[in-house]
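Undergrad: Let me give you the structure first, and then I'll get to my questions.
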Amino acid sequence: MQVSNKIIKIIKRNGVNFFLSVPCKLLSNMISILEKDKEIFYSSVPREEEGMGICAGAFLGNKLPCMLLQNTGLGNSVNAIVSLLKYYKIPVILVISYRGTAGEKVKAQFQMGKITKKLLKLMDLPTLHCSKIKDLEKIDSLIKKSIKLKSPAAILCDFNLMKKDK
């Protein structure tokens, strides 16, 4: 759980205090950490786009929100991200498990894996792809950029990085 602990610690030290997630095997360690954390608000949600709306409301209530989801759920969330979060300048940190990349065993994940970065670029979201522990050091600057630009930002957690998080 070294990777998950480090990611959560970095995100929290940047003021994020409201977390939502949808179920995800690769992010399950982070979810377990958040479920036990009494310093922040955490809840699971059934659908990604619902989470985006709840995050928007949390931001309007003076919280700095984070949503944990799979990259497949990113596809479900495009409209909510673009027409709500981007349009109304709501910074939400998106922690995204990057499925369908090297090491992935579920073939159905590969199609979304191929277009994830293109989709984030098309939505003009600041993005950080974390494939090594060393990459996590860049999360601070991504969150600061998200707040400064008043834009959602994405942390892509590589399949192999999260697979090692035992």
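Going through the structure tokens in order, the chains are called A, B, and so on, while each chain numbers its residues from 1 and the ligands are numbered from 1 in the order shown.
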Apply DSSP to the structure's backbone, then extract all residues of chain A labelled alpha helix (DSSP H) and return them as a ChimeraX atom specification.
TA: /A:2-13,28-36,48-60,71-80,110-122,139-149,159-163
Undergrad: Which residues are near segment 63-69 of chain A? Cut-off 9 Å, only C-alpha atoms, ignore same chain within fewer than 5 positions. Put them as number ranges by chain.
TA: A: 11, 15-24, 27, 30-31, 48, 51-52, 55-58, 74, 91-97
Undergrad: As JSON, numbers by chain, please: the residues near Asn5 of chain A (cut-off 10 Å, only C-alpha atoms, same-chain neighbours under 3 positions excluded).
TA: {"A": [1, 2, 8, 9, 10, 29, 30, 33, 34, 165]}
Undergrad: Write the residues you've just listed into a file as a PDB file, in the first residue's frame, and include N, CA and C atoms for each of them.
TA:
ATOM      1  N   MET A   1       0.817  -1.204   0.000  1.00  0.00           N
ATOM      2  CA  MET A   1       0.000   0.000   0.000  1.00  0.00           C
ATOM      3  C   MET A   1       0.855   1.260   0.000  1.00  0.00           C
ATOM      4  N   GLN A   2       2.132   1.087  -0.289  1.00  0.00           N
ATOM      5  CA  GLN A   2       3.060   2.220  -0.297  1.00  0.00           C
ATOM      6  C   GLN A   2       2.644   3.289  -1.302  1.00  0.00           C
ATOM      7  N   ILE A   8      -2.388   9.445  -1.508  1.00  0.00           N
ATOM      8  CA  ILE A   8      -3.379  10.073  -0.619  1.00  0.00           C
ATOM      9  C   ILE A   8      -2.719  11.157   0.227  1.00  0.00           C
ATOM     10  N   LYS A   9      -1.542  10.888   0.760  1.00  0.00           N
ATOM     11  CA  LYS A   9      -0.834  11.868   1.589  1.00  0.00           C
ATOM     12  C   LYS A   9      -0.553  13.151   0.802  1.00  0.00           C
ATOM     13  N   ILE A  10      -0.072  13.007  -0.426  1.00  0.00           N
ATOM     14  CA  ILE A  10       0.239  14.176  -1.263  1.00  0.00           C
ATOM     15  C   ILE A  10      -1.033  14.963  -1.580  1.00  0.00           C
ATOM     16  N   ASN A  29      -6.844  -0.159  -2.645  1.00  0.00           N
ATOM     17  CA  ASN A  29      -6.050   0.214  -1.471  1.00  0.00           C
ATOM     18  C   ASN A  29      -6.310   1.666  -1.073  1.00  0.00           C
ATOM     19  N   MET A  30      -6.377   2.560  -2.059  1.00  0.00           N
ATOM     20  CA  MET A  30      -6.676   3.960  -1.762  1.00  0.00           C
ATOM     21  C   MET A  30      -8.066   4.085  -1.138  1.00  0.00           C
ATOM     22  N   ILE A  33      -7.970   3.093   2.466  1.00  0.00           N
ATOM     23  CA  ILE A  33      -7.348   4.155   3.273  1.00  0.00           C
ATOM     24  C   ILE A  33      -8.354   5.270   3.545  1.00  0.00           C
ATOM     25  N   LEU A  34      -9.066   5.690   2.516  1.00  0.00           N
ATOM     26  CA  LEU A  34     -10.030   6.785   2.644  1.00  0.00           C
ATOM     27  C   LEU A  34     -11.207   6.408   3.540  1.00  0.00           C
ATOM     28  N   ASP A 165       1.186  -2.288  -5.784  1.00  0.00           N
ATOM     29  CA  ASP A 165       0.790  -1.655  -4.523  1.00  0.00           C
ATOM     30  C   ASP A 165       0.128  -2.661  -3.583  1.00  0.00           C
TER      31      ASP A 165
END
Undergrad: Which one of A:Ala154, A:Leu60, A:Ile147, A:Ser4 sits closest to Ser28 of chain A if you count only C-alpha atoms?
TA: A:Ser4
Undergrad: Quick one: DSSP strand (DSSP E) residues in segment 3-161 of chain A, as a PyMOL selection string?
TA: chain A and resi 18-21+41-44+65-70+93-98+127-130+153-158
Undergrad: Select, from A:Ile81, A:Ile40, A:Ile7, A:Ile90, the residue with the minimum atom-to-atom distance to Phe59 of chain A, counting only C-alpha atoms.
TA: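 Checking each of A:Ile81, A:Ile40, A:Ile7, A:Ile90 against Phe59 of chain A, counting only C-alpha atoms, the winner is A:Ile90.
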